[in-house]
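A short write-up of the structure that comes next.
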Amino acid sequence: MEHPKPTFELGFSYRALKMKASVIRELLKLTHRKEIISLAGGLPSPAVFPQKQVAEIAAEVSLTHGEVALQYGSTEGYTPLRDAVAERMRSKGIDVTGKDVVITHGSQQGLDLLSKVFLDPHDTIIAEAPSYVGALSSFHAFEGKVLSFPLEPDGLDVEAVDKYMRCLEESDEKKPKFIYTVPTFNNPAGITMSEAKRKRLLEIANEFNLIIIEDNPYGELRYSGDDIPPIKSWDTEGRVVYLGTFSKIFAPGFRLAWLSAEPRILKKIVIAKQSADLCSNTFGQEITSRFIEKGMLEPHIEKIRNLYSKNCVAMLESLDLHFPKEAHWTKPDGGMFIWVTLPENINAQEMFPKALARNVAYVVGHCFFPDDAGHNTLRLNFSHATEDKIRSGIKTLGDVIKAEIAEKGPVQ
Ligand SMILES: Cc1ncc(COP(=O)(O)O)c(C=O)c1O
């Protein structure tokens, strides 16, 4: 449809005027051509969607319990699902019951609601750099200012956080509202925070009276090494807000996730959620709950792990074979991403069209920094493409990078 030329001001709020479209989503639009090997988006593999099981459970739910499942539900979420989530959290060492859990429309909604209830304009947030871009955009939408702290090979530089907080005590600047972290197989870098750092971060939060938001979508996708307990498992003061999601272990299409926090926070989240969507998708909650009840979730996660761990190995092997010696990358024990750092004089955004012209796509790394740093970095996803495509995509990308390095010459 042809839209008439605008003749009037729309009067958007100051907040809306400052909102920016997600750079990743814009880039992903370019990667939808069939011939493109996309190592870009953070999509789970459709090869492990439990289509048949979901079809059967959906029919069962609709026919036997449709009068509830197709109705509005409570804002907090479907009780059996909240209980099942709490049981899974307890198995990870977190002492909660279903009453401590609210079901959200994806963890993204959790991040949005937390921003809504905690952030006033110009409030600050401590976050890892690089950090999950969807969280950065939620904080930005509520006019929060992200303070970046380096992500080291064993996670957030917690001593830098401690130092910052000590200096802050001597100034009259406002205290950060919370610390946001993805401690396990972080998006975008695939890095995991060590146990020592997790405990130390909690110690710092206790000392300086800070909230920690622990966002853990990838924790169950471990392919090697030993599990490290979530930060929340050591939280004795109720200062860790924990976010988990069914997106990476079941199906993102249901948009189902959870948030667990101490009662005062949970109460505000529920009120904020009421005005956002009244309740999460009831039909999906019931299907998910039955999927868990029937014992289907654990074998399903195992299937996902098997596939992604093969993909991860394929990507790491191909990187070794085809990437130039000037490039460095993370070697994750789980999750969905590998983070690549190129020489200082290579700009991953400028190189992007050249990769796309050779039918391979990645995400430019600077999107994951609040201050546009990281121009020489990129994120690679290994969950979505098939093993063959991963191998040929990395080979092509290696050629593109080598050509770029040859063109730019040595770092001055
Ligand atoms: C770190 C992190 N948090 C939250 C989300 C949002 O997940 P959901 O699908 O549950 O909204 C993602 C999605 O990729 C993520 O990587």
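Order determines the names: the first chain of the structure tokens is A, the second B, and so forth; residues in each chain are numbered 1 upward, and ligands are numbered 1 upward as they are shown.
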Quick one: DSSP strand (DSSP E) residues in stretch 122-363 of chain A, as a compact mmCIF listing (two decimals) with N, CA, C and O atoms, in the first residue's frame?
```txt
# COMPACT_ATOMS: atom_id res chain seq x y z
N THR A 124 22.49 3.83 36.19
CA THR A 124 23.57 3.05 35.56
C THR A 124 23.42 1.55 35.85
O THR A 124 22.80 1.15 36.84
N ILE A 125 24.00 0.78 34.95
CA ILE A 125 23.97 -0.69 35.03
C ILE A 125 25.38 -1.18 34.77
O ILE A 125 26.02 -0.72 33.82
N ILE A 126 25.85 -2.09 35.59
CA ILE A 126 27.17 -2.70 35.34
C ILE A 126 26.97 -3.92 34.46
O ILE A 126 26.12 -4.77 34.76
N ALA A 127 27.72 -3.99 33.36
CA ALA A 127 27.57 -5.14 32.46
C ALA A 127 28.91 -5.54 31.86
O ALA A 127 29.84 -4.74 31.82
N GLU A 128 28.94 -6.79 31.39
CA GLU A 128 30.13 -7.28 30.71
C GLU A 128 30.24 -6.63 29.33
O GLU A 128 29.22 -6.34 28.71
N ALA A 129 31.45 -6.44 28.87
CA ALA A 129 31.64 -5.97 27.50
C ALA A 129 32.51 -7.00 26.78
O ALA A 129 33.65 -7.20 27.20
N LYS A 145 21.97 3.76 31.61
CA LYS A 145 23.30 3.93 30.99
C LYS A 145 24.17 2.74 31.40
O LYS A 145 24.33 2.47 32.59
N VAL A 146 24.66 2.01 30.40
CA VAL A 146 25.44 0.80 30.69
C VAL A 146 26.92 1.15 30.91
O VAL A 146 27.53 1.84 30.09
N LEU A 147 27.45 0.69 32.03
CA LEU A 147 28.89 0.84 32.31
C LEU A 147 29.55 -0.48 31.98
O LEU A 147 29.20 -1.51 32.57
N SER A 148 30.48 -0.46 31.04
CA SER A 148 31.08 -1.72 30.57
C SER A 148 32.29 -2.13 31.39
O SER A 148 33.16 -1.30 31.65
N PHE A 149 32.36 -3.39 31.71
CA PHE A 149 33.52 -3.95 32.40
C PHE A 149 34.02 -5.13 31.56
O PHE A 149 33.22 -5.89 31.04
N PRO A 150 35.35 -5.28 31.46
CA PRO A 150 35.89 -6.29 30.54
C PRO A 150 35.45 -7.72 30.87
O PRO A 150 35.30 -8.08 32.04
N LEU A 151 35.28 -8.46 29.79
CA LEU A 151 35.00 -9.89 29.90
C LEU A 151 36.34 -10.60 29.71
O LEU A 151 36.94 -10.50 28.64
N GLU A 152 36.82 -11.28 30.75
CA GLU A 152 38.11 -11.98 30.66
C GLU A 152 37.84 -13.45 30.30
O GLU A 152 36.68 -13.88 30.32
N GLY A 155 35.51 -14.93 32.64
CA GLY A 155 34.31 -14.14 32.96
C GLY A 155 34.60 -12.70 33.32
O GLY A 155 35.74 -12.22 33.23
N LEU A 156 33.54 -12.03 33.74
CA LEU A 156 33.59 -10.60 34.08
C LEU A 156 34.79 -10.27 34.97
O LEU A 156 35.10 -11.03 35.91
N PHE A 178 21.89 -2.20 39.04
CA PHE A 178 22.16 -3.64 39.12
C PHE A 178 23.36 -4.02 38.27
O PHE A 178 23.87 -3.21 37.49
N ILE A 179 23.81 -5.26 38.50
CA ILE A 179 24.86 -5.85 37.67
C ILE A 179 24.16 -6.85 36.76
O ILE A 179 23.41 -7.70 37.24
N TYR A 180 24.38 -6.74 35.46
CA TYR A 180 23.78 -7.70 34.53
C TYR A 180 24.89 -8.63 34.04
O TYR A 180 25.92 -8.18 33.55
N THR A 181 24.67 -9.93 34.17
CA THR A 181 25.68 -10.88 33.69
C THR A 181 25.06 -12.12 33.05
O THR A 181 23.99 -12.58 33.46
N ILE A 211 22.01 -5.38 43.27
CA ILE A 211 21.27 -6.52 42.72
C ILE A 211 22.09 -7.12 41.58
O ILE A 211 22.73 -6.39 40.84
N ILE A 212 22.04 -8.44 41.44
CA ILE A 212 22.66 -9.09 40.27
C ILE A 212 21.54 -9.69 39.42
O ILE A 212 20.68 -10.39 39.96
N ILE A 213 21.56 -9.41 38.14
CA ILE A 213 20.65 -10.13 37.23
C ILE A 213 21.48 -11.20 36.55
O ILE A 213 22.40 -10.91 35.78
N GLU A 214 21.15 -12.45 36.87
CA GLU A 214 21.87 -13.59 36.29
C GLU A 214 21.01 -14.17 35.17
O GLU A 214 19.97 -14.78 35.42
N ASP A 215 21.44 -13.94 33.94
CA ASP A 215 20.67 -14.36 32.77
C ASP A 215 21.31 -15.66 32.27
O ASP A 215 22.47 -15.66 31.84
N VAL A 240 19.99 -11.89 43.99
CA VAL A 240 20.16 -12.34 42.60
C VAL A 240 18.78 -12.59 41.98
O VAL A 240 17.97 -13.33 42.51
N VAL A 241 18.57 -11.94 40.85
CA VAL A 241 17.37 -12.19 40.05
C VAL A 241 17.82 -13.16 38.96
O VAL A 241 18.79 -12.89 38.25
N TYR A 242 17.12 -14.29 38.87
CA TYR A 242 17.57 -15.34 37.94
C TYR A 242 16.61 -15.42 36.76
O TYR A 242 15.39 -15.47 36.92
N LEU A 243 17.18 -15.43 35.54
CA LEU A 243 16.37 -15.58 34.33
C LEU A 243 16.73 -16.89 33.64
O LEU A 243 17.92 -17.14 33.37
N GLY A 244 15.72 -17.70 33.37
CA GLY A 244 15.93 -18.93 32.59
C GLY A 244 14.92 -18.93 31.44
O GLY A 244 13.94 -18.17 31.48
N THR A 245 15.15 -19.76 30.43
CA THR A 245 14.24 -19.75 29.28
C THR A 245 14.07 -21.13 28.67
O THR A 245 14.98 -21.96 28.72
N ALA A 257 9.59 -18.31 29.22
CA ALA A 257 10.80 -18.24 30.04
C ALA A 257 10.36 -18.00 31.47
O ALA A 257 9.14 -18.00 31.77
N TRP A 258 11.32 -17.82 32.37
CA TRP A 258 10.94 -17.56 33.76
C TRP A 258 11.89 -16.61 34.44
O TRP A 258 13.05 -16.45 34.02
N LEU A 259 11.36 -16.00 35.48
CA LEU A 259 12.15 -15.07 36.28
C LEU A 259 11.92 -15.45 37.73
O LEU A 259 10.78 -15.66 38.15
N SER A 260 13.01 -15.57 38.49
CA SER A 260 12.86 -15.90 39.90
C SER A 260 13.61 -14.85 40.72
O SER A 260 14.75 -14.51 40.40
N HIS A 328 41.99 -14.58 16.50
CA HIS A 328 41.88 -15.36 17.75
C HIS A 328 40.42 -15.60 18.04
O HIS A 328 39.58 -14.78 17.69
N TRP A 329 40.13 -16.71 18.68
CA TRP A 329 38.73 -16.99 18.98
C TRP A 329 38.60 -17.75 20.28
O TRP A 329 39.55 -18.39 20.75
N PHE A 337 27.76 -19.97 20.71
CA PHE A 337 28.55 -18.93 20.04
C PHE A 337 30.06 -19.04 20.23
O PHE A 337 30.53 -19.48 21.28
N ILE A 338 30.76 -18.57 19.20
CA ILE A 338 32.22 -18.39 19.26
C ILE A 338 32.50 -16.93 18.91
O ILE A 338 31.84 -16.35 18.02
N TRP A 339 33.44 -16.35 19.60
CA TRP A 339 33.74 -14.92 19.45
C TRP A 339 35.12 -14.79 18.81
O TRP A 339 36.08 -15.38 19.31
N VAL A 340 35.19 -14.04 17.74
CA VAL A 340 36.45 -13.92 17.00
C VAL A 340 37.00 -12.50 17.12
O VAL A 340 36.25 -11.53 16.97
N THR A 341 38.28 -12.41 17.39
CA THR A 341 38.94 -11.10 17.42
C THR A 341 39.95 -11.06 16.29
O THR A 341 40.82 -11.93 16.17
N VAL A 360 28.30 -15.79 2.94
CA VAL A 360 28.44 -16.20 4.33
C VAL A 360 28.21 -14.98 5.23
O VAL A 360 28.59 -13.86 4.88
N ALA A 361 27.50 -15.20 6.35
CA ALA A 361 27.13 -14.07 7.21
C ALA A 361 27.52 -14.34 8.66
O ALA A 361 27.52 -15.48 9.12
N VAL A 363 27.71 -11.96 12.74
CA VAL A 363 27.24 -10.72 13.37
C VAL A 363 28.44 -9.87 13.73
O VAL A 363 29.39 -10.37 14.35
```
Show me which residues sit within 7 Å of ligand 1 when counting only C-alpha atoms and all ligand atoms, and put them as a PDB file with N, CA, C and O atoms, in the first residue's frame.
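Result file is part-v7.pdb:
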```
ATOM      1  N   GLY A  42      21.123 -16.028  16.378  1.00  0.00           N
ATOM      2  CA  GLY A  42      21.288 -16.942  17.515  1.00  0.00           C
ATOM      3  C   GLY A  42      20.163 -17.965  17.534  1.00  0.00           C
ATOM      4  O   GLY A  42      19.579 -18.215  18.585  1.00  0.00           O
ATOM      5  N   HIS A 105       7.069 -13.957  28.880  1.00  0.00           N
ATOM      6  CA  HIS A 105       7.073 -14.171  27.424  1.00  0.00           C
ATOM      7  C   HIS A 105       8.504 -14.056  26.917  1.00  0.00           C
ATOM      8  O   HIS A 105       8.893 -13.038  26.352  1.00  0.00           O
ATOM      9  N   GLY A 106       9.284 -15.075  27.150  1.00  0.00           N
ATOM     10  CA  GLY A 106      10.706 -15.031  26.822  1.00  0.00           C
ATOM     11  C   GLY A 106      11.469 -14.299  27.914  1.00  0.00           C
ATOM     12  O   GLY A 106      10.905 -13.493  28.657  1.00  0.00           O
ATOM     13  N   SER A 107      12.766 -14.597  28.003  1.00  0.00           N
ATOM     14  CA  SER A 107      13.615 -13.858  28.946  1.00  0.00           C
ATOM     15  C   SER A 107      13.709 -12.411  28.514  1.00  0.00           C
ATOM     16  O   SER A 107      13.999 -11.534  29.324  1.00  0.00           O
ATOM     17  N   GLN A 108      13.502 -12.195  27.223  1.00  0.00           N
ATOM     18  CA  GLN A 108      13.546 -10.810  26.746  1.00  0.00           C
ATOM     19  C   GLN A 108      12.498  -9.987  27.480  1.00  0.00           C
ATOM     20  O   GLN A 108      12.749  -8.841  27.854  1.00  0.00           O
ATOM     21  N   GLN A 109      11.334 -10.577  27.719  1.00  0.00           N
ATOM     22  CA  GLN A 109      10.332  -9.834  28.493  1.00  0.00           C
ATOM     23  C   GLN A 109      10.812  -9.637  29.928  1.00  0.00           C
ATOM     24  O   GLN A 109      10.589  -8.585  30.524  1.00  0.00           O
ATOM     25  N   TYR A 132      24.974  -9.198  25.983  1.00  0.00           N
ATOM     26  CA  TYR A 132      23.821  -9.553  25.129  1.00  0.00           C
ATOM     27  C   TYR A 132      23.100  -8.294  24.637  1.00  0.00           C
ATOM     28  O   TYR A 132      22.636  -7.473  25.435  1.00  0.00           O
ATOM     29  N   GLY A 134      20.222  -7.744  23.293  1.00  0.00           N
ATOM     30  CA  GLY A 134      18.803  -7.553  23.648  1.00  0.00           C
ATOM     31  C   GLY A 134      18.669  -6.935  25.037  1.00  0.00           C
ATOM     32  O   GLY A 134      17.742  -6.151  25.304  1.00  0.00           O
ATOM     33  N   ALA A 135      19.603  -7.263  25.927  1.00  0.00           N
ATOM     34  CA  ALA A 135      19.588  -6.647  27.260  1.00  0.00           C
ATOM     35  C   ALA A 135      19.987  -5.185  27.141  1.00  0.00           C
ATOM     36  O   ALA A 135      19.343  -4.300  27.718  1.00  0.00           O
ATOM     37  N   VAL A 182      25.723 -12.617  32.027  1.00  0.00           N
ATOM     38  CA  VAL A 182      25.378 -13.930  31.438  1.00  0.00           C
ATOM     39  C   VAL A 182      26.588 -14.808  31.762  1.00  0.00           C
ATOM     40  O   VAL A 182      27.532 -14.910  30.982  1.00  0.00           O
ATOM     41  N   ASN A 186      28.323 -17.322  27.726  1.00  0.00           N
ATOM     42  CA  ASN A 186      27.805 -15.986  27.433  1.00  0.00           C
ATOM     43  C   ASN A 186      27.514 -15.743  25.944  1.00  0.00           C
ATOM     44  O   ASN A 186      28.214 -16.237  25.074  1.00  0.00           O
ATOM     45  N   ASN A 187      26.468 -15.015  25.695  1.00  0.00           N
ATOM     46  CA  ASN A 187      26.157 -14.494  24.366  1.00  0.00           C
ATOM     47  C   ASN A 187      26.640 -13.057  24.391  1.00  0.00           C
ATOM     48  O   ASN A 187      26.142 -12.283  25.213  1.00  0.00           O
ATOM     49  N   ASP A 215      21.443 -13.941  33.944  1.00  0.00           N
ATOM     50  CA  ASP A 215      20.673 -14.364  32.769  1.00  0.00           C
ATOM     51  C   ASP A 215      21.313 -15.658  32.267  1.00  0.00           C
ATOM     52  O   ASP A 215      22.471 -15.660  31.837  1.00  0.00           O
ATOM     53  N   ASN A 216      20.557 -16.751  32.314  1.00  0.00           N
ATOM     54  CA  ASN A 216      21.186 -18.048  32.057  1.00  0.00           C
ATOM     55  C   ASN A 216      20.448 -18.893  31.008  1.00  0.00           C
ATOM     56  O   ASN A 216      19.943 -19.974  31.304  1.00  0.00           O
ATOM     57  N   PRO A 217      20.405 -18.421  29.748  1.00  0.00           N
ATOM     58  CA  PRO A 217      19.687 -19.223  28.751  1.00  0.00           C
ATOM     59  C   PRO A 217      20.450 -20.453  28.268  1.00  0.00           C
ATOM     60  O   PRO A 217      19.854 -21.365  27.703  1.00  0.00           O
ATOM     61  N   THR A 245      15.150 -19.761  30.435  1.00  0.00           N
ATOM     62  CA  THR A 245      14.237 -19.748  29.285  1.00  0.00           C
ATOM     63  C   THR A 245      14.067 -21.132  28.672  1.00  0.00           C
ATOM     64  O   THR A 245      14.982 -21.964  28.725  1.00  0.00           O
ATOM     65  N   PHE A 246      12.898 -21.349  28.076  1.00  0.00           N
ATOM     66  CA  PHE A 246      12.672 -22.583  27.316  1.00  0.00           C
ATOM     67  C   PHE A 246      13.107 -22.438  25.850  1.00  0.00           C
ATOM     68  O   PHE A 246      13.027 -23.390  25.087  1.00  0.00           O
ATOM     69  N   SER A 247      13.551 -21.232  25.484  1.00  0.00           N
ATOM     70  CA  SER A 247      13.865 -20.985  24.069  1.00  0.00           C
ATOM     71  C   SER A 247      14.962 -21.887  23.529  1.00  0.00           C
ATOM     72  O   SER A 247      14.885 -22.335  22.393  1.00  0.00           O
ATOM     73  N   PRO A 252      11.814 -21.789  20.882  1.00  0.00           N
ATOM     74  CA  PRO A 252      11.665 -20.343  21.114  1.00  0.00           C
ATOM     75  C   PRO A 252      10.310 -19.800  20.670  1.00  0.00           C
ATOM     76  O   PRO A 252       9.863 -18.759  21.151  1.00  0.00           O
ATOM     77  N   ARG A 255       7.766 -18.673  23.162  1.00  0.00           N
ATOM     78  CA  ARG A 255       8.101 -17.467  23.905  1.00  0.00           C
ATOM     79  C   ARG A 255       7.854 -17.684  25.400  1.00  0.00           C
ATOM     80  O   ARG A 255       7.111 -16.932  26.039  1.00  0.00           O
ATOM     81  N   LEU A 256       8.430 -18.708  25.948  1.00  0.00           N
ATOM     82  CA  LEU A 256       8.238 -18.993  27.373  1.00  0.00           C
ATOM     83  C   LEU A 256       9.566 -19.032  28.115  1.00  0.00           C
ATOM     84  O   LEU A 256      10.515 -19.685  27.678  1.00  0.00           O
ATOM     85  N   ALA A 257       9.588 -18.313  29.218  1.00  0.00           N
ATOM     86  CA  ALA A 257      10.795 -18.241  30.039  1.00  0.00           C
ATOM     87  C   ALA A 257      10.359 -18.001  31.472  1.00  0.00           C
ATOM     88  O   ALA A 257       9.144 -17.997  31.767  1.00  0.00           O
TER      89      ALA A 257
END
```
Any idea what's packed within 12 Å of A:Lys267, counting only C-alpha atoms, ignoring anything in its chain fewer than 4 positions away? Could you give it as a list in words? Thr75, Glu76, Lys99, Asp100, Val101, Val102, Leu113, Leu114, Val117, Leu259, Ser260, Ala261, Glu262, Pro263, Ile271, Ala272, Lys273 and Gln274 of chain A
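Of the listed residues A:Pro188, A:Pro324, A:Pro299, A:Pro176, the one whose atoms come nearest to A:Phe208 is A:Pro176, with distances taken using only C-alpha atoms.
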Can you list, as a PyMOL selection string, every protein, DNA or RNA residue that comes within 12 Å of A:Val364 when you count only C-alpha atoms, leaving out same-chain residues fewer than 3 positions away? chain A and resi 23-28+39-41+130+133+188+339-342+346-353+355+361+367-369+372-381
Selected residues written out, N, CA and C atoms, as a JSON list (two decimals), in the first residue's frame:
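Generated file (out.json):
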```
[["chain", "number", "residue", "atom", "x", "y", "z"],
["A", 23, "VAL", "N", 20.49, -3.55, 15.38],
["A", 23, "VAL", "CA", 21.42, -3.68, 14.23],
["A", 23, "VAL", "C", 21.42, -5.12, 13.75],
["A", 24, "ILE", "N", 21.34, -6.05, 14.71],
["A", 24, "ILE", "CA", 21.39, -7.46, 14.33],
["A", 24, "ILE", "C", 20.19, -7.82, 13.46],
["A", 25, "ARG", "N", 19.01, -7.36, 13.89],
["A", 25, "ARG", "CA", 17.81, -7.70, 13.10],
["A", 25, "ARG", "C", 17.92, -7.14, 11.69],
["A", 26, "GLU", "N", 18.46, -5.92, 11.57],
["A", 26, "GLU", "CA", 18.63, -5.32, 10.25],
["A", 26, "GLU", "C", 19.60, -6.15, 9.42],
["A", 27, "LEU", "N", 20.70, -6.58, 10.05],
["A", 27, "LEU", "CA", 21.69, -7.38, 9.32],
["A", 27, "LEU", "C", 21.10, -8.74, 8.91],
["A", 28, "LEU", "N", 20.30, -9.30, 9.85],
["A", 28, "LEU", "CA", 19.76, -10.63, 9.58],
["A", 28, "LEU", "C", 18.83, -10.63, 8.36],
["A", 39, "LEU", "N", 25.95, -17.76, 9.75],
["A", 39, "LEU", "CA", 26.53, -18.07, 11.05],
["A", 39, "LEU", "C", 26.22, -16.89, 11.97],
["A", 40, "ALA", "N", 25.16, -16.18, 11.59],
["A", 40, "ALA", "CA", 24.86, -14.90, 12.23],
["A", 40, "ALA", "C", 23.86, -15.04, 13.39],
["A", 41, "GLY", "N", 22.60, -15.29, 13.09],
["A", 41, "GLY", "CA", 21.56, -15.25, 14.14],
["A", 41, "GLY", "C", 21.83, -16.22, 15.27],
["A", 130, "PRO", "N", 31.95, -7.70, 25.79],
["A", 130, "PRO", "CA", 30.66, -7.55, 25.18],
["A", 130, "PRO", "C", 29.54, -8.18, 26.01],
["A", 133, "VAL", "N", 22.99, -8.19, 23.33],
["A", 133, "VAL", "CA", 22.49, -6.97, 22.72],
["A", 133, "VAL", "C", 21.01, -6.68, 23.09],
["A", 188, "PRO", "N", 27.62, -12.67, 23.61],
["A", 188, "PRO", "CA", 28.08, -13.29, 22.37],
["A", 188, "PRO", "C", 29.37, -14.12, 22.47],
["A", 339, "TRP", "N", 33.44, -16.35, 19.60],
["A", 339, "TRP", "CA", 33.74, -14.92, 19.45],
["A", 339, "TRP", "C", 35.12, -14.79, 18.81],
["A", 340, "VAL", "N", 35.19, -14.04, 17.74],
["A", 340, "VAL", "CA", 36.45, -13.92, 17.00],
["A", 340, "VAL", "C", 37.00, -12.50, 17.12],
["A", 341, "THR", "N", 38.28, -12.41, 17.39],
["A", 341, "THR", "CA", 38.94, -11.10, 17.42],
["A", 341, "THR", "C", 39.95, -11.06, 16.29],
["A", 342, "LEU", "N", 39.83, -10.03, 15.45],
["A", 342, "LEU", "CA", 40.71, -9.86, 14.29],
["A", 342, "LEU", "C", 41.75, -8.78, 14.60],
["A", 346, "ILE", "N", 41.32, -4.22, 11.24],
["A", 346, "ILE", "CA", 40.23, -4.82, 10.44],
["A", 346, "ILE", "C", 38.90, -4.41, 11.06],
["A", 347, "ASN", "N", 38.01, -3.90, 10.20],
["A", 347, "ASN", "CA", 36.70, -3.49, 10.68],
["A", 347, "ASN", "C", 35.67, -4.52, 10.21],
["A", 348, "ALA", "N", 35.08, -5.25, 11.19],
["A", 348, "ALA", "CA", 34.18, -6.37, 10.84],
["A", 348, "ALA", "C", 32.92, -5.89, 10.11],
["A", 349, "GLN", "N", 32.53, -4.66, 10.38],
["A", 349, "GLN", "CA", 31.33, -4.13, 9.69],
["A", 349, "GLN", "C", 31.65, -3.83, 8.22],
["A", 350, "GLU", "N", 32.82, -3.23, 7.99],
["A", 350, "GLU", "CA", 33.23, -2.94, 6.60],
["A", 350, "GLU", "C", 33.42, -4.23, 5.81],
["A", 351, "MET", "N", 33.87, -5.29, 6.51],
["A", 351, "MET", "CA", 34.13, -6.56, 5.84],
["A", 351, "MET", "C", 32.83, -7.34, 5.56],
["A", 352, "PHE", "N", 31.77, -6.99, 6.30],
["A", 352, "PHE", "CA", 30.52, -7.75, 6.23],
["A", 352, "PHE", "C", 29.98, -7.91, 4.79],
["A", 353, "PRO", "N", 29.87, -6.78, 3.99],
["A", 353, "PRO", "CA", 29.34, -6.95, 2.62],
["A", 353, "PRO", "C", 30.20, -7.89, 1.78],
["A", 355, "ALA", "N", 31.83, -10.53, 2.89],
["A", 355, "ALA", "CA", 31.48, -11.90, 3.29],
["A", 355, "ALA", "C", 30.12, -12.27, 2.68],
["A", 361, "ALA", "N", 27.50, -15.20, 6.35],
["A", 361, "ALA", "CA", 27.13, -14.07, 7.21],
["A", 361, "ALA", "C", 27.52, -14.34, 8.66],
["A", 367, "CYS", "N", 28.06, -4.47, 17.87],
["A", 367, "CYS", "CA", 26.65, -4.37, 18.35],
["A", 367, "CYS", "C", 26.55, -4.75, 19.83],
["A", 368, "PHE", "N", 27.52, -5.53, 20.31],
["A", 368, "PHE", "CA", 27.44, -6.05, 21.67],
["A", 368, "PHE", "C", 28.15, -5.16, 22.70],
["A", 369, "PHE", "N", 28.57, -4.01, 22.24],
["A", 369, "PHE", "CA", 29.21, -3.05, 23.15],
["A", 369, "PHE", "C", 28.33, -1.81, 23.22],
["A", 372, "ASP", "N", 29.95, 1.09, 21.12],
["A", 372, "ASP", "CA", 30.44, 0.82, 19.77],
["A", 372, "ASP", "C", 31.90, 0.40, 19.71],
["A", 373, "ALA", "N", 32.45, -0.10, 20.81],
["A", 373, "ALA", "CA", 33.82, -0.62, 20.77],
["A", 373, "ALA", "C", 33.79, -1.95, 20.00],
["A", 374, "GLY", "N", 34.90, -2.64, 19.94],
["A", 374, "GLY", "CA", 34.94, -3.99, 19.36],
["A", 374, "GLY", "C", 34.74, -4.03, 17.86],
["A", 375, "HIS", "N", 35.21, -2.97, 17.13],
["A", 375, "HIS", "CA", 35.00, -2.93, 15.68],
["A", 375, "HIS", "C", 35.71, -4.10, 14.97],
["A", 376, "ASN", "N", 36.74, -4.70, 15.61],
["A", 376, "ASN", "CA", 37.51, -5.79, 14.98],
["A", 376, "ASN", "C", 37.06, -7.17, 15.49],
["A", 377, "THR", "N", 35.81, -7.25, 15.99],
["A", 377, "THR", "CA", 35.34, -8.53, 16.52],
["A", 377, "THR", "C", 34.08, -9.00, 15.77],
["A", 378, "LEU", "N", 33.81, -10.28, 15.86],
["A", 378, "LEU", "CA", 32.57, -10.80, 15.28],
["A", 378, "LEU", "C", 32.10, -12.04, 16.04],
["A", 379, "ARG", "N", 30.78, -12.27, 15.95],
["A", 379, "ARG", "CA", 30.19, -13.43, 16.63],
["A", 379, "ARG", "C", 29.79, -14.47, 15.59],
["A", 380, "LEU", "N", 30.13, -15.72, 15.88],
["A", 380, "LEU", "CA", 29.73, -16.83, 15.01],
["A", 380, "LEU", "C", 28.79, -17.74, 15.77],
["A", 381, "ASN", "N", 27.72, -18.15, 15.12],
["A", 381, "ASN", "CA", 26.77, -19.08, 15.75],
["A", 381, "ASN", "C", 26.96, -20.48, 15.14]]
```
Taken to one decimal, the atom CA of A:Ala86-atom CA of A:Ile269 distance is 17.5 Å
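Closest approach to A:Gly409 from the set A:Glu207, A:Glu326, A:Glu169, A:Glu35 is made by A:Glu326, with distances taken over only C-alpha atoms.
Coordinates place atom CA of A:Asp277 at a distance of 21.8 Å from atom CA of A:Asp120.
Closest to A:Lys116 among A:Glu67, A:Gly190, A:Ser275, A:Ile57 is A:Ser275, based on only C-alpha atoms.
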I'd like the contact shell of A:Ser383 - 8 Å cut-off, only C-alpha atoms, skipping same-chain residues fewer than 6 positions apart - returned as a compact mmCIF listing (two decimals) with N, CA, C and O atoms, in the first residue's frame.
```txt
# COMPACT_ATOMS: atom_id res chain seq x y z
N GLY A 42 21.12 -16.03 16.38
CA GLY A 42 21.29 -16.94 17.51
C GLY A 42 20.16 -17.96 17.53
O GLY A 42 19.58 -18.21 18.59
N LEU A 43 19.88 -18.55 16.37
CA LEU A 43 18.70 -19.42 16.30
C LEU A 43 19.02 -20.86 16.68
O LEU A 43 20.03 -21.42 16.23
N PRO A 44 18.13 -21.49 17.48
CA PRO A 44 18.25 -22.94 17.69
C PRO A 44 18.04 -23.68 16.37
O PRO A 44 17.46 -23.12 15.44
N SER A 45 18.51 -24.92 16.31
CA SER A 45 18.34 -25.68 15.07
C SER A 45 16.93 -26.25 14.97
O SER A 45 16.49 -26.96 15.89
N LEU A 307 23.76 -32.62 19.10
CA LEU A 307 23.87 -31.94 17.81
C LEU A 307 24.80 -30.73 17.91
O LEU A 307 25.74 -30.57 17.12
N TYR A 308 24.57 -29.88 18.91
CA TYR A 308 25.36 -28.64 18.99
C TYR A 308 26.83 -28.92 19.31
O TYR A 308 27.70 -28.18 18.89
N ASN A 311 28.44 -29.68 16.14
CA ASN A 311 28.59 -28.44 15.36
C ASN A 311 29.73 -27.58 15.90
O ASN A 311 30.47 -26.96 15.15
N CYS A 312 29.82 -27.55 17.25
CA CYS A 312 30.85 -26.73 17.89
C CYS A 312 32.24 -27.25 17.51
O CYS A 312 33.12 -26.48 17.12
N MET A 336 26.09 -21.53 22.23
CA MET A 336 25.82 -21.47 20.79
C MET A 336 26.78 -20.58 20.00
O MET A 336 26.60 -20.41 18.80
N PHE A 337 27.76 -19.97 20.71
CA PHE A 337 28.55 -18.93 20.04
C PHE A 337 30.06 -19.04 20.23
O PHE A 337 30.53 -19.48 21.28
```
DSSP helix (DSSP H, G or I) residues within stretch 216-298 of chain A, listed as JSON, numbers by chain: {"A": [231, 232, 233, 234, 252, 253, 254, 263, 264, 265, 266, 267, 268, 269, 270, 271, 272, 273, 274, 275, 276, 277, 282, 283, 284, 285, 286, 287, 288, 289, 290, 291, 292, 293, 297, 298]}
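Among the candidate residues A:Val158, A:Ala385, A:Ala403, A:Leu168, the one lying nearest to A:Ile37 is A:Ala385, with distances computed using only C-alpha atoms.
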